[in-house]
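Below is one structure; the comments refer to it alone.
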Amino acid sequence: MLTAEENEVLCRVGPGTPMGTVLRRYWTPAFQLGDLPAPDCPPIRVTVLGENFVAFRDTNGRLGLLDELCCHRGASLTLGRVEGCGIRCLYHGWKYAVDGTIMETPNLATPTFRERVKHGAYPVRESGGLGWVYLGPPGTEPPFPEFPWAGAEPDELAVSEMIMDCNWMQVQEGSIDSSHVAILHLDTLATMGAGPRSVGSFDFAGEPWDLDMPVPGRGGGGGPRPGVWPSDDNAPRIEVENTPFGFHYAAIRDVSGEPGKKFVRVTAFVMPYTAMIGGSPGAVIIVPRDDYTCSSIGVFRVPKGAGLGRRSSGVDPAVWGPEPANRRIKLPPQDREAMASGQSFAGFRGGNRIQDSAVQMSSGPMYDRAKEHLVPADLAIIRLRRLLADSVRLVEEGQAPVGLGDGFDFSGITTASQIIDGDQRWQDLVPAHHGTPEPSRTVTA
Amino acid sequence: MKVWIDQAFCTGSGLCELIEPRVFTVGDDGLARVRRGEEVLPPGEDNAVDVPAGSEDEVRDASESCPGGCIRLVLAPLSGVAHHRGHPE
């Protein structure tokens, strides 16, 4: 449990809040590059960390991220014209370059104002299908994290974004929560033919009913994947080790029918947004839009040519409506009949992210952690909160937050999902993790 | 900082021992106790132990995470009065 005050610190992300100040010290993925596909294309509004910005691609292809409202009298630049290496406000024609330089002020003839004032502008980087922004104090940018998929061609990456109506920590804590996988996502495992087919008194009666669900790492389409989940053990032991980028955690389960072996999933959590989940060819990135909404971004490597290469919620437009206006998650009705008949455990069609969204948003706009009861399977969540709390303290003391990975090669981060011998170290499965061994935490009785 | 276990509220999850085995241990009865080095102390406020240097963060994590809310911290006095933390009873 957290006190109400601790929960507020953890959850609120606006300017001037403790966590908002911390998050502004990291590069933040804020929009899909597919939304700004060509020079002088229409601009977009970007909502991140409780602030609104306008993003645009100028005539020379450069990206700009500016404060949304014109610094003259506050009209939204998202209405503006992108032209002549800048964006022009519709109201009185003030024009801005990608670096915030005020290029023209038609209703102000003298140049002094535009020579002395700059509009709010922020560094932007393009990587892995996403536009990453830095909203911290000028001159404090950490090295840009080049993730393993950064060099992939657009048609090798499936990038998707779902906007969820709840605080970001509810979703983030779900991304490092291995023990829900074979329960909430039982339908997914059954669809893959990959693992257990029962939870408690529930047993699948024949085939699951959602055979068309997107399967993790496949971007769509089911089909048997035996061996992906070789365990009926729903109480994994969790081990965590800090790394230069955040932490690795291992979820360790008994293997069905193979005593002496263990099924290990090693997930890398990269501060403060990114979970590279064990056995998955990519990452889930949770970014707060404001205190009560967040973006759940998926970036996954796919076979060449299978990448969407365009803006996406990851959901067929026939289901949610046309892009990009329809990225806000729409939960299908829960199918109680399928749940009762043994065709579905959770009753939500649409795969893992729909099932996750259903339970994570069910806690309300901002969950009060004073009412939670954590268990040993939640150790990675506890570590996440520790690193965030440490970062709040460090930044308040004038230091850098944890996990910036200065000098660390983020492209070498790996994960794992496999069966190993009982005495084998999971750390050996992720040799680039540079973990911090924690022998001092062990006592001999 | 001192710490003690209000064992009436312990749920036996073992989370505290996983987070900081230098300070917490779970007994044969499945309930948590604090330890001073190798010595395991009886439960209760009278047996609050000083948190060893380097274990403060872990003990706080354990207290914040405890599903029973039974890990009581006695923080250094700020104004002459010790500040207790833990579940209201």
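Quick note on naming: the chains in the structure tokens go A, B, ... in the order shown, residues restart at 1 in each chain, and ligands are numbered from 1 in order of appearance.
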Taking only C-alpha atoms into account, produce a table as CSV in which each residue of region 263-295 of chain A with an atom at most 12 Å from an atom of region 154-159 of chain A appears once, together with its shortest atom pair and the distance in Å to one decimal, ordered by chain and rising number.
```
residue,atom,partner,partner_atom,distance
A:Pro281,CA,A:Leu157,CA,9.9
A:Gly282,CA,A:Leu157,CA,9.0
A:Ala283,CA,A:Val159,CA,9.9
A:Val284,CA,A:Val159,CA,10.0
A:Ile285,CA,A:Val159,CA,10.6
```
task = Within 7 Å of chain A, which residues of chain B are there when counting only C-alpha atoms? Please give them as an NGL selection string.
result = :B and (13-15 or 20-22 or 38 or 61 or 64-67)
key: Spatial neighbours of Leu77 (chain A), max dist 8 Å, only C-alpha atoms, sep filter under 2 positions, as a list in words   = Val54, Glu68, Leu69, Cys70, Ala75, Leu79, Gly80, Ile87, Arg88, Cys89 and Leu90 of chain A
Residues from last step as file, C-alpha atoms, as a PDB file, in the first residue's frame:
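Saved to result-v6.pdb:
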```
ATOM      1  CA  VAL A  54       2.031  21.048 -31.971  1.00  0.00           C
ATOM      2  CA  GLU A  68       0.669  24.441 -29.014  1.00  0.00           C
ATOM      3  CA  LEU A  69      -0.642  27.948 -28.563  1.00  0.00           C
ATOM      4  CA  CYS A  70       0.675  30.879 -30.575  1.00  0.00           C
ATOM      5  CA  ALA A  75      -4.604  30.439 -31.037  1.00  0.00           C
ATOM      6  CA  LEU A  79      -4.906  24.912 -37.077  1.00  0.00           C
ATOM      7  CA  GLY A  80      -1.926  26.498 -38.780  1.00  0.00           C
ATOM      8  CA  ILE A  87       4.236  26.795 -39.330  1.00  0.00           C
ATOM      9  CA  ARG A  88       2.012  29.841 -39.623  1.00  0.00           C
ATOM     10  CA  CYS A  89      -0.748  30.720 -37.166  1.00  0.00           C
ATOM     11  CA  LEU A  90      -4.081  31.240 -38.885  1.00  0.00           C
TER      12      LEU A  90
END
```
request  = Could you tell me, as a PyMOL selection string, which residues of region 199-302 of chain A DSSP assigns to strand (DSSP E or B) when given the backbone?
outcome  = chain A and resi 199+202-203+237-243+246-254+261-270+274-276+282-290+293-301
request  = Name the residues in contact with region 334-341 of chain A at a cut-off of 12 Å, using only C-alpha atoms, excluding same-chain residues fewer than 4 positions from it; report them as a list in words.
outcome  = Leu186, Asp187, Ser201, Phe202, Asp203, Phe204, Ala205, Gly206, Glu207, Pro208, Trp209, Asp210, Lys330, Phe345, Ala346, Gly347, Phe348, Arg349, Gly350, Ile354, Gln355, Ala358 and Val359 of chain A
The selected residues should be written to file as a short mmCIF file (atom, residue, chain, number, x, y, z; two decimals), in the first residue's frame (atoms: N, CA, C and O atoms).
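This is the output file selection.cif:
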```cif
data_model
loop_
_atom_site.label_atom_id
_atom_site.label_comp_id
_atom_site.auth_asym_id
_atom_site.auth_seq_id
_atom_site.Cartn_x
_atom_site.Cartn_y
_atom_site.Cartn_z
N LEU A 186 -5.51 -16.25 -20.53
CA LEU A 186 -5.69 -17.68 -20.80
C LEU A 186 -6.25 -17.91 -22.20
O LEU A 186 -5.86 -18.85 -22.88
N ASP A 187 -7.16 -17.03 -22.64
CA ASP A 187 -7.72 -17.19 -23.98
C ASP A 187 -6.62 -17.13 -25.04
O ASP A 187 -6.63 -17.86 -26.03
N SER A 201 -11.79 -23.28 -11.41
CA SER A 201 -12.78 -24.26 -11.87
C SER A 201 -13.06 -24.11 -13.37
O SER A 201 -13.86 -24.87 -13.92
N PHE A 202 -12.40 -23.12 -14.01
CA PHE A 202 -12.66 -22.93 -15.43
C PHE A 202 -11.78 -23.85 -16.28
O PHE A 202 -10.56 -23.89 -16.10
N ASP A 203 -12.42 -24.56 -17.20
CA ASP A 203 -11.70 -25.34 -18.20
C ASP A 203 -12.29 -25.02 -19.56
O ASP A 203 -13.52 -24.90 -19.70
N PHE A 204 -11.41 -24.88 -20.56
CA PHE A 204 -11.94 -24.67 -21.89
C PHE A 204 -12.72 -25.91 -22.33
O PHE A 204 -12.25 -27.04 -22.19
N ALA A 205 -13.91 -25.67 -22.85
CA ALA A 205 -14.72 -26.74 -23.41
C ALA A 205 -14.55 -26.67 -24.92
O ALA A 205 -15.24 -25.91 -25.59
N GLY A 206 -13.60 -27.39 -25.45
CA GLY A 206 -13.34 -27.32 -26.89
C GLY A 206 -12.48 -26.11 -27.22
O GLY A 206 -11.66 -25.65 -26.42
N GLU A 207 -12.69 -25.56 -28.39
CA GLU A 207 -11.85 -24.48 -28.88
C GLU A 207 -12.26 -23.14 -28.26
O GLU A 207 -13.45 -22.90 -28.03
N PRO A 208 -11.29 -22.24 -27.98
CA PRO A 208 -11.66 -20.88 -27.58
C PRO A 208 -12.41 -20.20 -28.72
O PRO A 208 -12.24 -20.56 -29.88
N TRP A 209 -13.21 -19.20 -28.36
CA TRP A 209 -14.09 -18.61 -29.39
C TRP A 209 -13.46 -17.45 -30.14
O TRP A 209 -13.95 -17.02 -31.17
N ASP A 210 -12.34 -16.94 -29.64
CA ASP A 210 -11.74 -15.76 -30.28
C ASP A 210 -10.52 -16.16 -31.09
O ASP A 210 -9.41 -15.71 -30.86
N LYS A 330 -11.62 1.22 -27.25
CA LYS A 330 -13.05 0.92 -27.15
C LYS A 330 -13.17 -0.55 -26.78
O LYS A 330 -12.86 -1.43 -27.56
N PHE A 345 -12.26 -17.50 -20.98
CA PHE A 345 -12.08 -17.22 -19.55
C PHE A 345 -12.47 -15.78 -19.24
O PHE A 345 -13.23 -15.51 -18.32
N ALA A 346 -11.91 -14.83 -20.02
CA ALA A 346 -12.07 -13.41 -19.69
C ALA A 346 -13.27 -12.77 -20.37
O ALA A 346 -13.79 -11.77 -19.89
N GLY A 347 -13.68 -13.31 -21.49
CA GLY A 347 -14.86 -12.79 -22.17
C GLY A 347 -14.63 -11.56 -23.02
O GLY A 347 -15.59 -10.94 -23.48
N PHE A 348 -13.36 -11.19 -23.23
CA PHE A 348 -13.07 -10.02 -24.07
C PHE A 348 -12.37 -10.46 -25.35
O PHE A 348 -11.28 -11.03 -25.31
N ARG A 349 -12.99 -10.18 -26.47
CA ARG A 349 -12.33 -10.43 -27.75
C ARG A 349 -11.27 -9.37 -28.00
O ARG A 349 -11.40 -8.25 -27.53
N GLY A 350 -10.26 -9.74 -28.77
CA GLY A 350 -9.30 -8.74 -29.24
C GLY A 350 -7.87 -8.94 -28.75
O GLY A 350 -7.00 -8.16 -29.10
N ILE A 354 -6.46 -5.78 -25.25
CA ILE A 354 -7.84 -5.49 -24.88
C ILE A 354 -8.13 -6.04 -23.49
O ILE A 354 -8.75 -5.38 -22.64
N GLN A 355 -7.65 -7.26 -23.24
CA GLN A 355 -7.87 -7.85 -21.91
C GLN A 355 -7.16 -7.01 -20.84
O GLN A 355 -7.73 -6.73 -19.78
N ALA A 358 -9.04 -3.75 -20.27
CA ALA A 358 -10.30 -3.93 -19.53
C ALA A 358 -10.05 -3.91 -18.03
O ALA A 358 -10.73 -3.20 -17.27
N VAL A 359 -9.04 -4.65 -17.58
CA VAL A 359 -8.83 -4.71 -16.12
C VAL A 359 -8.12 -3.46 -15.61
O VAL A 359 -8.42 -2.97 -14.51
#
```
